[in-house]
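So the structure is just underneath, and the comments pick up after that.
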Amino acid sequence: MTNSATNLRLKLPMACIILEVIIIILFGALVQYDDETDAKLWHKEIANGSSNYDNDFYYRYPSFQDVHVMIFIGFGFLMTFLQRYGFSSVGFNFLIAAFALQWATLMQGFVHGMHGGKIHVGIESMINADFCTGSVLISFGAVLGKTSPVQLLVMSVIEVTLFAVNEFIVLSVLGAKDAGGSMTIHTFGAYFGLMVARVLYRPNLDKSKHKNCSVYHSDLFAMIGTIYLWMFWPSFNSAVTAHGDDQHRTAMNTYYSLAACTLATYGLSAVVAHDGKLDMVHIQNAALAGGVAVGTAGEMMLTPFGSMIVGFLAGTISVLGFKFLSPILEQKLKIQDTCGVHNLHGMPGVLGAIVGAVTAALATKDVYGDGMADVFPDIQSGDVEASFQGIRQAISLAVTLGIALLGGLITGFILKLPIYGAPPDTICFEDGIYWELPGEEGSHEELTTVRTPDEAEKQIRIGLPM
Amino acid sequence: MTNSATNLRLKLPMACIILEVIIIILFGALVQYDDETDAKLWHKEIANGSSNYDNDFYYRYPSFQDVHVMIFIGFGFLMTFLQRYGFSSVGFNFLIAAFALQWATLMQGFVHGMHGGKIHVGIESMINADFCTGSVLISFGAVLGKTSPVQLLVMSVIEVTLFAVNEFIVLSVLGAKDAGGSMTIHTFGAYFGLMVARVLYRPNLDKSKHKNCSVYHSDLFAMIGTIYLWMFWPSFNSAVTAHGDDQHRTAMNTYYSLAACTLATYGLSAVVAHDGKLDMVHIQNAALAGGVAVGTAGEMMLTPFGSMIVGFLAGTISVLGFKFLSPILEQKLKIQDTCGVHNLHGMPGVLGAIVGAVTAALATKDVYGDGMADVFPDIQSGDVEASFQGIRQAISLAVTLGIALLGGLITGFILKLPIYGAPPDTICFEDGIYWELPGEEGSHEELTTVRTPDEAEKQIRIGLPM
Amino acid sequence: MTNSATNLRLKLPMACIILEVIIIILFGALVQYDDETDAKLWHKEIANGSSNYDNDFYYRYPSFQDVHVMIFIGFGFLMTFLQRYGFSSVGFNFLIAAFALQWATLMQGFVHGMHGGKIHVGIESMINADFCTGSVLISFGAVLGKTSPVQLLVMSVIEVTLFAVNEFIVLSVLGAKDAGGSMTIHTFGAYFGLMVARVLYRPNLDKSKHKNCSVYHSDLFAMIGTIYLWMFWPSFNSAVTAHGDDQHRTAMNTYYSLAACTLATYGLSAVVAHDGKLDMVHIQNAALAGGVAVGTAGEMMLTPFGSMIVGFLAGTISVLGFKFLSPILEQKLKIQDTCGVHNLHGMPGVLGAIVGAVTAALATKDVYGDGMADVFPDIQSGDVEASFQGIRQAISLAVTLGIALLGGLITGFILKLPIYGAPPDTICFEDGIYWELPGEEGSHEELTTVRTPDEAEKQIRIGLPM
């Protein structure tokens, strides 16, 4: 199963170590503690009357840890559904997330965090770096099983950079609101990844078809990812909103949206699936669409009622997407979207952007009171009308789609170069190509080839479970 | 394995979508943000001198998320111990929890949260809704493997409603204390579920006996549930107690109770199990009984010493219950309690209620100081004597048992109607009846039937692992 | 597989119940709520102007829960990598952790927490007890698979006691800083465990060699442990540092160290492993070394740059240790280190101690400002020079190594007594010796021995999957 083309003994170490050395040098040159993490600066604030209990650590760190769990457990295990790609799903997720959060700290710092030539870091930069990482992991879902870890690292380098640029345009130039990232994270990550998958289209991927499916226990591992994403999504959407009612309301709106989405998902899954049975693919993915779809409007006065309607719609379009749209994407548009990120992040992200634009356009002082300053500072200050805020939101969606698609296109062509150790069509979705595998108890392959205890013994010893 | 009786193509979508639409309409008509989540109202409080850091979000949300993990991961994975019911365990747990938390918000709101004709929601209502959901999931444990998701949804509708009524009587009418729900959650959920299981008694359930057991990895999945329940139980019991010493003390009492319970469980398991070996059923369940048993008294001045004694007792009766009482319940009382909820929630819940009554009756101003106002406001105000508070606690246990048993009885008869797609006796404890299953690697069934690679290939293709 | 020597029907219950009864008696005699958990005392503070929101519960409990998850899920599942030792890995981890946290509360209380003859407990004592427990679990990793639960309990009794003594010497007598426990937890736990493993050396352990390896899904379970340890390590290192910038900075330094460590681990693993493939053993363990290595210096002004260098080094030495040092330890020094704790905790712990000493020696008022008082109170007060603080740190490392090695030696000889039901050489790494096992679907053993459905049925019935 190993040959020189996919042997990563030089490529992966070079990629990892060169990238990490570059990061360390840039951190040494550019990165400083912010006012809340620096001993001297914080104690100046203490001397000026602050309390240690005012440190933002206490008001952001629990949210950060929930987001962290979503990034590393949530995304990592969600992708373990493939029967023989669990090591890569969790392991490459781990690798590219650990890289991307460092790179994102630098890129986001360059674009909107420089203070006197230095990047200041603290709990907010940690959350934002994890957010950016989430976007990369969404794209990873589209190309899962068909890419080498070196390709994924190269993709991360480019995607993180473009994410930071797009985020800057959307939030700072256009003045849109997108606390939970319906646009900047989900729409961006999904369409970027789909475009990469399009360029990397493999006409002969059906040679690996028997690996591109789940087994019983791999679906249970995937449910760990699903449930953690579902539970902590309220923390995700509220992690960087303003303190007070804003975080509180965002978390609650997300909670209701997800609950309604889940009911819609189960209902629709039984309608469209074979024999009225539930399909794990829908449950694992579509039930989360409600979190994506209130990523923009969650901090607004969407009301629990509105949140539930959005969640219900998101679950519905997501299940229908898996059933009817994914086959079309693959056959007509030649987009092989392994995890169905178009259904979980793409369409619900666009829905979320639209809901955000409409909700923003309907904002009134009567409803928001002085809270308007937190959610829409430009409306509060009189710089813009609510309707114009809605337009800015809509433009942001268009910009995000444009940068994502163009960026994905370019990245796809860069990743197409035959130098990264990508797997051949015949052994996609297979850990054995990049991982030393233990002897497997009762795998299908063994089941039908092992004949005697001695042979089994030998196979296990030489590490060839397949 | 599928036939028209258990085909849910119409029944499950109808149940999910009708229920969700009713909920959304009721939310639209009745539910509002509370003072801490509404932009305008909160900023009025800010204008009156509050700080954003005073928002209750920061003092309840971390507890809420721990409770949330218990509900969705804890209960969900605890029940994956069955070898072929993991999808249903996690998946139906997910479905009915997502439904029940919405329905509970409404029912609890009706009963004790109306403000000017509206239900006000915020972090406390979210925690309380999750608590009520926990009760439903306990009942689910009693009927696990023998019920369709439609039955479970119907059960949830009724149980949540009765839970809210009972909770109102116990906490508001009778003035009992039960922060961690020894009575309102555990006793109620267990006896309700046991009564439902009694009515749904299946004399021929042994036809599915070979499925009603665990396999090696399913027990490991179940341990994920157990450990999460164990770790976060301190957050559960303290989630809605008064701020300050009360939350702090409740969490700590629970921590000690669980630790002592765990030692008792291991010790007793080795005594009663075959050959002096440990039994996973005990470890997965009885080790948690210590959390249940301090659900009422945990917020009181029970002391670490008292907590440990209670935990030790709870672990002991729980292991003994699994060993000696469960077979009797099944054979004599015809209660087929799949997860043994009587041993984990029933008896320890009653123990917790009694411990709570005794501890309350012993409360003195000398021990509680001004903290009496938080724990027993009626004693502090002089309205009642401590001894009478103990009596109120005891009456609350009786009321809870009464409502649970009667409610379970009625619910059982409603669920007995042959319209919900319940599984036949021969294929209980089997995911395949409600889920599209992937091809299984090395399942026992394949092992003994697959003869050639071609046949295996074919079986997997047609999705018939059994 | 069972015989009288390993039958624990009397031994384990006696150990569990006697130990728990002793603990309960000691708690009854000695342990009291502290000022923040006692109703009366806290309300005196309230009367003096404190707010309930100032209760330390709100500033430590989220960290505590993260640490709790690391102890019970992190360590427990990390060790499930062995193919047939998952029940014991999670289950014995659960047992000895539940015991050790109670015992640690007493031992740490005796040594440095007595107030008027009483041990005061609250959230800090809970965190410290979990920390001490972590040390025991590290030692457990060295002897995993070769010890009975009774041996492990006896080891815990001694190790917790010596941990408390060493911690007192290092932190209180020598005045060293070690918030995340590079020395007191990791170095101590690792070298203690390695010495125990040395004394318990089994020359014929290769008789159980075929069990001493992973299978595909057991490696995925282990990744749950790894990822949780990785995510929550920032909480671990910052859990008991001073409030404000200190906790904030410690968490952030750890986050960067781990990220850099992960890149180094993947790079090095592909270099040293067979065929340029990644080795799960490295990923599961070495990627965590960055957390260990900033356990001392994390609270200091190490900077993100410095943290990354330390993490990178830690990952590098850890992978190299697994590849080149572990075989030498086993063959030359006769130390059979099941989990490789020398590579994950031993060497990175020593590295962390050295980094801490150097960073302390370089501390200047110019960098720390008034924050010096939190990190190095003795330097702030002028009692010592920074350089001398560095020396105190270095001495602390030596003391820790001395107590760990000597303590491990003595403990090893105590555990060598043939009275604890230790497994024979032929059935190490095997759950079946201490656990009632369910019938296994498709285990290797069945695969090659089961011939007919009837036989399989029978095997499952009599509970003999092997």
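Each chain in the structure tokens gets a letter, A, B, ..., in the order shown, and its residues are numbered from 1; ligands are numbered from 1 in order too.
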- request: Write down, as a VMD selection string, each residue of chain B that has any atom within 8 Å of an atom of chain C, counting only C-alpha atoms.
  value: chain B and resid 59 62 213 to 216 220 223 to 224 227 to 228 231 to 232 243 to 249 252 256 259 to 260 262 to 264 266 to 268 270 to 271 274 to 280 283 301 303 to 306 308 to 309 367 to 372 441 to 444 447 to 448
Can I get the residues of stretch 306-401 of chain A within 12 Å of stretch 189-193 of chain A, each with the closest pair of atoms and their distance in Å to one decimal, using only C-alpha atoms, sorted chain first then ascending number, as a Markdown table?
```
| residue | atom | partner | partner_atom | distance |
| --- | --- | --- | --- | --- |
| A:Ile335 | CA | A:Gly193 | CA | 9.9 |
| A:Gln336 | CA | A:Gly193 | CA | 10.4 |
| A:Asp337 | CA | A:Gly193 | CA | 8.5 |
| A:Thr338 | CA | A:Gly193 | CA | 10.5 |
| A:Cys339 | CA | A:Ala190 | CA | 10.6 |
| A:Gly340 | CA | A:Ala190 | CA | 9.3 |
| A:Val341 | CA | A:Ala190 | CA | 5.9 |
| A:His342 | CA | A:Ala190 | CA | 6.0 |
| A:Asn343 | CA | A:Ala190 | CA | 9.1 |
| A:Leu344 | CA | A:Ala190 | CA | 8.6 |
| A:His345 | CA | A:Ala190 | CA | 5.8 |
| A:Gly346 | CA | A:Ala190 | CA | 5.1 |
| A:Met347 | CA | A:Ala190 | CA | 8.9 |
| A:Pro348 | CA | A:Ala190 | CA | 10.2 |
| A:Gly349 | CA | A:Ala190 | CA | 8.5 |
| A:Val350 | CA | A:Ala190 | CA | 10.2 |
| A:Leu397 | CA | A:Tyr191 | CA | 11.7 |
| A:Ala398 | CA | A:Tyr191 | CA | 11.9 |
| A:Thr400 | CA | A:Tyr191 | CA | 9.2 |
| A:Leu401 | CA | A:Tyr191 | CA | 6.9 |
```
For the residues in that selection, give me N, CA, C and O atoms as an mmCIF file, in the first residue's frame.
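What ended up in result_8.cif:
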```cif
data_model
loop_
_atom_site.group_PDB
_atom_site.id
_atom_site.type_symbol
_atom_site.label_atom_id
_atom_site.label_comp_id
_atom_site.auth_asym_id
_atom_site.auth_seq_id
_atom_site.Cartn_x
_atom_site.Cartn_y
_atom_site.Cartn_z
ATOM 1 N N ILE A 335 -18.435 17.795 -8.032
ATOM 2 C CA ILE A 335 -17.926 18.154 -6.709
ATOM 3 C C ILE A 335 -18.167 16.970 -5.783
ATOM 4 O O ILE A 335 -19.309 16.639 -5.463
ATOM 5 N N GLN A 336 -17.077 16.319 -5.392
ATOM 6 C CA GLN A 336 -17.185 15.162 -4.496
ATOM 7 C C GLN A 336 -16.994 15.643 -3.061
ATOM 8 O O GLN A 336 -15.869 15.799 -2.597
ATOM 9 N N ASP A 337 -18.118 15.889 -2.419
ATOM 10 C CA ASP A 337 -18.132 16.547 -1.109
ATOM 11 C C ASP A 337 -18.267 15.463 -0.029
ATOM 12 O O ASP A 337 -19.359 15.087 0.366
ATOM 13 N N THR A 338 -17.114 14.975 0.462
ATOM 14 C CA THR A 338 -17.127 13.763 1.296
ATOM 15 C C THR A 338 -18.109 13.856 2.468
ATOM 16 O O THR A 338 -18.893 12.953 2.711
ATOM 17 N N CYS A 339 -18.031 14.949 3.211
ATOM 18 C CA CYS A 339 -18.861 15.069 4.415
ATOM 19 C C CYS A 339 -20.175 15.795 4.163
ATOM 20 O O CYS A 339 -20.944 15.999 5.102
ATOM 21 N N GLY A 340 -20.401 16.210 2.948
ATOM 22 C CA GLY A 340 -21.618 16.983 2.700
ATOM 23 C C GLY A 340 -21.588 18.361 3.338
ATOM 24 O O GLY A 340 -22.610 18.826 3.859
ATOM 25 N N VAL A 341 -20.447 19.032 3.278
ATOM 26 C CA VAL A 341 -20.371 20.341 3.942
ATOM 27 C C VAL A 341 -21.289 21.362 3.286
ATOM 28 O O VAL A 341 -21.663 22.360 3.912
ATOM 29 N N HIS A 342 -21.659 21.102 2.037
ATOM 30 C CA HIS A 342 -22.598 22.032 1.410
ATOM 31 C C HIS A 342 -23.943 22.038 2.127
ATOM 32 O O HIS A 342 -24.586 23.075 2.261
ATOM 33 N N ASN A 343 -24.315 20.874 2.634
ATOM 34 C CA ASN A 343 -25.607 20.765 3.314
ATOM 35 C C ASN A 343 -25.559 21.241 4.761
ATOM 36 O O ASN A 343 -26.542 21.729 5.296
ATOM 37 N N LEU A 344 -24.424 21.060 5.398
ATOM 38 C CA LEU A 344 -24.322 21.456 6.798
ATOM 39 C C LEU A 344 -23.837 22.888 6.963
ATOM 40 O O LEU A 344 -24.311 23.617 7.829
ATOM 41 N N HIS A 345 -22.896 23.313 6.141
ATOM 42 C CA HIS A 345 -22.315 24.646 6.325
ATOM 43 C C HIS A 345 -22.649 25.611 5.179
ATOM 44 O O HIS A 345 -22.810 26.800 5.400
ATOM 45 N N GLY A 346 -22.727 25.082 3.959
ATOM 46 C CA GLY A 346 -22.912 25.958 2.807
ATOM 47 C C GLY A 346 -24.291 26.601 2.777
ATOM 48 O O GLY A 346 -24.441 27.806 3.000
ATOM 49 N N MET A 347 -25.305 25.794 2.530
ATOM 50 C CA MET A 347 -26.663 26.350 2.447
ATOM 51 C C MET A 347 -27.128 26.969 3.761
ATOM 52 O O MET A 347 -27.660 28.083 3.764
ATOM 53 N N PRO A 348 -26.938 26.284 4.891
ATOM 54 C CA PRO A 348 -27.349 26.934 6.138
ATOM 55 C C PRO A 348 -26.575 28.224 6.414
ATOM 56 O O PRO A 348 -27.110 29.154 7.013
ATOM 57 N N GLY A 349 -25.322 28.300 5.958
ATOM 58 C CA GLY A 349 -24.559 29.535 6.126
ATOM 59 C C GLY A 349 -25.166 30.676 5.326
ATOM 60 O O GLY A 349 -25.311 31.804 5.824
ATOM 61 N N VAL A 350 -25.533 30.365 4.088
ATOM 62 C CA VAL A 350 -26.179 31.387 3.255
ATOM 63 C C VAL A 350 -27.524 31.789 3.864
ATOM 64 O O VAL A 350 -27.862 32.973 3.941
ATOM 65 N N LEU A 397 -22.226 38.949 2.342
ATOM 66 C CA LEU A 397 -22.415 37.572 1.871
ATOM 67 C C LEU A 397 -21.828 37.404 0.479
ATOM 68 O O LEU A 397 -21.109 36.436 0.197
ATOM 69 N N ALA A 398 -22.101 38.379 -0.386
ATOM 70 C CA ALA A 398 -21.599 38.298 -1.765
ATOM 71 C C ALA A 398 -20.080 38.320 -1.780
ATOM 72 O O ALA A 398 -19.428 37.527 -2.484
ATOM 73 N N THR A 400 -18.056 37.431 0.608
ATOM 74 C CA THR A 400 -17.568 36.176 1.177
ATOM 75 C C THR A 400 -17.602 35.053 0.150
ATOM 76 O O THR A 400 -16.631 34.300 -0.005
ATOM 77 N N LEU A 401 -18.727 34.959 -0.559
ATOM 78 C CA LEU A 401 -18.834 33.915 -1.584
ATOM 79 C C LEU A 401 -17.775 34.116 -2.660
ATOM 80 O O LEU A 401 -17.131 33.156 -3.107
#
```
In stretch 8-150 of chain A, DSSP strand (DSSP E or B) residues written as a VMD selection string: chain A and resid 31 to 33 82 114 to 115 118 to 121
Please produce a file of those selected residues containing all heavy atoms, as a CSV table (one decimal), in the first residue's frame.
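Produced file again-v4.csv, reproduced below:
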```
chain,number,residue,atom,x,y,z
A,31,VAL,N,4.7,39.1,18.3
A,31,VAL,CA,3.6,38.9,19.2
A,31,VAL,C,3.9,39.2,20.6
A,31,VAL,O,5.0,38.9,21.1
A,31,VAL,CB,3.2,37.4,19.1
A,31,VAL,CG1,2.1,37.1,20.1
A,31,VAL,CG2,2.7,37.1,17.7
A,32,GLN,N,3.0,39.9,21.2
A,32,GLN,CA,3.2,40.3,22.6
A,32,GLN,C,1.9,40.0,23.4
A,32,GLN,O,0.8,40.0,22.9
A,32,GLN,CB,3.4,41.9,22.7
A,32,GLN,CG,4.7,42.3,22.3
A,32,GLN,CD,4.8,43.8,22.5
A,32,GLN,OE1,3.8,44.5,22.6
A,32,GLN,NE2,6.1,44.3,22.5
A,33,TYR,N,2.1,39.8,24.7
A,33,TYR,CA,0.9,39.7,25.6
A,33,TYR,C,0.1,41.0,25.5
A,33,TYR,O,0.6,42.1,25.4
A,33,TYR,CB,1.4,39.6,27.1
A,33,TYR,CG,2.0,38.3,27.4
A,33,TYR,CD1,3.3,38.2,28.0
A,33,TYR,CD2,1.4,37.0,27.1
A,33,TYR,CE1,3.9,37.0,28.3
A,33,TYR,CE2,2.0,35.8,27.4
A,33,TYR,CZ,3.3,35.8,28.0
A,33,TYR,OH,3.9,34.7,28.4
A,82,LEU,N,-16.2,7.5,8.6
A,82,LEU,CA,-15.6,6.6,7.6
A,82,LEU,C,-15.0,5.4,8.2
A,82,LEU,O,-14.3,5.5,9.2
A,82,LEU,CB,-14.6,7.3,6.7
A,82,LEU,CG,-15.1,8.4,5.8
A,82,LEU,CD1,-14.0,9.2,5.2
A,82,LEU,CD2,-16.0,7.7,4.7
A,114,MET,N,-2.9,44.9,15.0
A,114,MET,CA,-1.5,45.5,15.2
A,114,MET,C,-1.6,46.7,16.2
A,114,MET,O,-2.5,47.5,16.0
A,114,MET,CB,-0.9,45.9,13.9
A,114,MET,CG,-0.7,44.8,12.9
A,114,MET,SD,0.5,43.5,13.4
A,114,MET,CE,2.0,44.3,12.8
A,115,HIS,N,-0.7,46.7,17.2
A,115,HIS,CA,-0.7,47.8,18.1
A,115,HIS,C,0.8,48.2,18.1
A,115,HIS,O,1.6,47.5,18.7
A,115,HIS,CB,-1.1,47.4,19.5
A,115,HIS,CG,-2.5,47.0,19.5
A,115,HIS,ND1,-2.9,45.7,19.2
A,115,HIS,CD2,-3.7,47.6,19.9
A,115,HIS,CE1,-4.2,45.5,19.3
A,115,HIS,NE2,-4.7,46.7,19.7
A,118,LYS,N,3.0,45.6,16.8
A,118,LYS,CA,3.0,44.3,17.5
A,118,LYS,C,1.6,43.7,17.5
A,118,LYS,O,0.6,44.5,17.5
A,118,LYS,CB,3.5,44.5,18.9
A,118,LYS,CG,4.9,45.0,19.1
A,118,LYS,CD,5.9,43.9,18.7
A,118,LYS,CE,7.3,44.4,18.9
A,118,LYS,NZ,8.3,43.4,18.6
A,119,ILE,N,1.5,42.4,17.4
A,119,ILE,CA,0.3,41.7,17.6
A,119,ILE,C,0.0,41.4,19.0
A,119,ILE,O,0.8,40.8,19.7
A,119,ILE,CB,0.3,40.4,16.7
A,119,ILE,CG1,0.4,40.7,15.2
A,119,ILE,CG2,-1.0,39.6,17.0
A,119,ILE,CD1,0.8,39.5,14.4
A,120,HIS,N,-1.1,41.9,19.6
A,120,HIS,CA,-1.4,41.7,21.0
A,120,HIS,C,-2.3,40.4,21.1
A,120,HIS,O,-3.3,40.4,20.4
A,120,HIS,CB,-2.1,42.9,21.6
A,120,HIS,CG,-1.1,44.0,21.8
A,120,HIS,ND1,-1.3,45.1,22.6
A,120,HIS,CD2,0.2,44.1,21.4
A,120,HIS,CE1,-0.3,45.9,22.7
A,120,HIS,NE2,0.7,45.3,21.9
A,121,VAL,N,-2.0,39.5,22.0
A,121,VAL,CA,-2.8,38.3,22.1
A,121,VAL,C,-3.3,38.1,23.5
A,121,VAL,O,-2.7,38.5,24.5
A,121,VAL,CB,-1.9,37.1,21.7
A,121,VAL,CG1,-1.6,37.0,20.2
A,121,VAL,CG2,-0.6,37.0,22.5
```
task: Find the spatial neighbours of C:Ala353, counting only C-alpha atoms, within a cut-off of 9 Å - ignore same-chain residues fewer than 3 positions away - and output them as a ChimeraX atom specification.
output: /C:178,181-183,187,293-297,348-350,356-358,393-394,396-397
Store the residues picked out above, limited to all heavy atoms, as a short mmCIF file (atom, residue, chain, number, x, y, z; two decimals), in the first residue's frame.
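See result11.cif below for the written result:
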```
data_model
loop_
_atom_site.label_atom_id
_atom_site.label_comp_id
_atom_site.auth_asym_id
_atom_site.auth_seq_id
_atom_site.Cartn_x
_atom_site.Cartn_y
_atom_site.Cartn_z
N ASP C 178 5.46 26.10 40.99
CA ASP C 178 5.20 24.95 40.12
C ASP C 178 3.70 24.77 39.93
O ASP C 178 3.15 23.70 40.23
CB ASP C 178 5.84 23.69 40.74
CG ASP C 178 5.93 22.54 39.74
OD1 ASP C 178 5.93 22.81 38.53
OD2 ASP C 178 6.00 21.39 40.18
N GLY C 181 2.72 21.90 37.84
CA GLY C 181 3.26 20.63 38.32
C GLY C 181 4.24 19.92 37.41
O GLY C 181 4.28 18.69 37.42
N SER C 182 5.05 20.63 36.64
CA SER C 182 6.10 19.93 35.87
C SER C 182 6.90 19.04 36.81
O SER C 182 7.22 17.89 36.48
CB SER C 182 7.06 20.94 35.22
OG SER C 182 6.46 21.61 34.16
N MET C 183 7.21 19.59 38.00
CA MET C 183 7.98 18.81 38.96
C MET C 183 7.07 17.96 39.84
O MET C 183 7.17 16.74 39.86
CB MET C 183 8.82 19.73 39.85
CG MET C 183 9.88 20.50 39.06
SD MET C 183 10.89 21.56 40.11
CE MET C 183 9.80 22.94 40.39
N THR C 187 7.03 15.00 36.89
CA THR C 187 8.31 14.35 37.20
C THR C 187 8.11 13.35 38.33
O THR C 187 8.57 12.21 38.26
CB THR C 187 9.35 15.41 37.60
OG1 THR C 187 9.47 16.37 36.53
CG2 THR C 187 10.70 14.78 37.87
N ALA C 293 5.67 20.46 29.70
CA ALA C 293 6.94 21.20 29.75
C ALA C 293 6.77 22.68 30.11
O ALA C 293 7.76 23.36 30.38
CB ALA C 293 7.66 21.07 28.41
N VAL C 294 5.54 23.19 30.09
CA VAL C 294 5.35 24.56 30.58
C VAL C 294 4.57 24.55 31.89
O VAL C 294 3.97 25.56 32.28
CB VAL C 294 4.65 25.48 29.55
CG1 VAL C 294 5.54 25.67 28.32
CG2 VAL C 294 3.29 24.94 29.16
N GLY C 295 4.60 23.42 32.57
CA GLY C 295 3.89 23.31 33.85
C GLY C 295 4.49 24.18 34.94
O GLY C 295 3.79 24.59 35.87
N THR C 296 5.76 24.46 34.86
CA THR C 296 6.37 25.35 35.84
C THR C 296 6.44 26.79 35.34
O THR C 296 6.04 27.73 36.03
CB THR C 296 7.81 24.88 36.20
OG1 THR C 296 7.73 23.53 36.66
CG2 THR C 296 8.42 25.75 37.26
N ALA C 297 6.91 26.98 34.11
CA ALA C 297 7.15 28.33 33.61
C ALA C 297 5.91 28.98 33.02
O ALA C 297 5.94 30.18 32.70
CB ALA C 297 8.26 28.29 32.57
N PRO C 348 9.76 15.36 29.62
CA PRO C 348 9.18 16.71 29.51
C PRO C 348 9.01 17.39 30.87
O PRO C 348 9.12 18.62 30.97
CB PRO C 348 7.84 16.47 28.82
CG PRO C 348 8.04 15.21 28.05
CD PRO C 348 8.92 14.37 28.92
N GLY C 349 8.79 16.60 31.91
CA GLY C 349 8.68 17.18 33.25
C GLY C 349 10.01 17.78 33.69
O GLY C 349 10.06 18.90 34.22
N VAL C 350 11.08 17.04 33.46
CA VAL C 350 12.41 17.56 33.80
C VAL C 350 12.72 18.79 32.96
O VAL C 350 13.23 19.80 33.47
CB VAL C 350 13.47 16.45 33.59
CG1 VAL C 350 14.87 17.01 33.76
CG2 VAL C 350 13.23 15.31 34.59
N GLY C 356 11.63 26.25 33.91
CA GLY C 356 11.11 27.06 35.01
C GLY C 356 12.23 27.71 35.80
O GLY C 356 12.14 28.90 36.15
N ALA C 357 13.29 26.96 36.05
CA ALA C 357 14.41 27.51 36.81
C ALA C 357 15.08 28.65 36.06
O ALA C 357 15.37 29.71 36.62
CB ALA C 357 15.42 26.39 37.11
N VAL C 358 15.27 28.44 34.76
CA VAL C 358 15.92 29.48 33.95
C VAL C 358 15.04 30.71 33.86
O VAL C 358 15.51 31.85 34.03
CB VAL C 358 16.24 28.92 32.54
CG1 VAL C 358 16.74 30.03 31.63
CG2 VAL C 358 17.25 27.79 32.65
N GLN C 393 14.40 26.58 42.38
CA GLN C 393 13.65 25.73 41.44
C GLN C 393 14.45 24.47 41.11
O GLN C 393 13.90 23.37 41.06
CB GLN C 393 13.37 26.50 40.14
CG GLN C 393 12.56 27.78 40.27
CD GLN C 393 11.08 27.57 40.51
OE1 GLN C 393 10.46 28.24 41.33
NE2 GLN C 393 10.52 26.59 39.80
N ALA C 394 15.77 24.67 40.87
CA ALA C 394 16.60 23.54 40.49
C ALA C 394 16.72 22.53 41.63
O ALA C 394 16.66 21.31 41.42
CB ALA C 394 17.99 24.03 40.07
N SER C 396 14.53 22.03 43.84
CA SER C 396 13.24 21.36 43.94
C SER C 396 13.14 20.18 42.99
O SER C 396 12.55 19.15 43.31
CB SER C 396 12.11 22.35 43.63
OG SER C 396 12.08 23.36 44.60
N LEU C 397 13.72 20.35 41.81
CA LEU C 397 13.73 19.23 40.86
C LEU C 397 14.49 18.05 41.44
O LEU C 397 14.02 16.90 41.40
CB LEU C 397 14.36 19.66 39.54
CG LEU C 397 14.60 18.55 38.51
CD1 LEU C 397 13.30 17.87 38.11
CD2 LEU C 397 15.31 19.10 37.27
#
```
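For the pair atom CA of C:Tyr420 and atom CA of C:Asn93, the separation is 17.5 Å.
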- request: With a distance cut-off of 7 Å and only C-alpha atoms, select the neighbouring residues of stretch 208-210 of chain B, excluding the residue or stretch itself and same-chain residues fewer than 4 positions from it, and output the selection as a ChimeraX atom specification.
  value: /B:425-428
Next, the residues of the selection above should be written as a PDB file, in the first residue's frame with N, CA and C atoms.
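Printed below is again.pdb as written:
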```pdb
ATOM      1  N   ASP B 425     -41.782  -8.453  19.621  1.00  0.00           N
ATOM      2  CA  ASP B 425     -40.935  -9.061  20.657  1.00  0.00           C
ATOM      3  C   ASP B 425     -39.641  -9.644  20.100  1.00  0.00           C
ATOM      4  N   THR B 426     -39.689 -10.049  18.842  1.00  0.00           N
ATOM      5  CA  THR B 426     -38.524 -10.743  18.290  1.00  0.00           C
ATOM      6  C   THR B 426     -37.395  -9.814  17.889  1.00  0.00           C
ATOM      7  N   ILE B 427     -37.701  -8.547  17.681  1.00  0.00           N
ATOM      8  CA  ILE B 427     -36.613  -7.654  17.281  1.00  0.00           C
ATOM      9  C   ILE B 427     -36.577  -6.385  18.131  1.00  0.00           C
ATOM     10  N   CYS B 428     -36.687  -6.588  19.426  1.00  0.00           N
ATOM     11  CA  CYS B 428     -36.373  -5.498  20.339  1.00  0.00           C
ATOM     12  C   CYS B 428     -34.857  -5.344  20.426  1.00  0.00           C
TER      13      CYS B 428
END
```
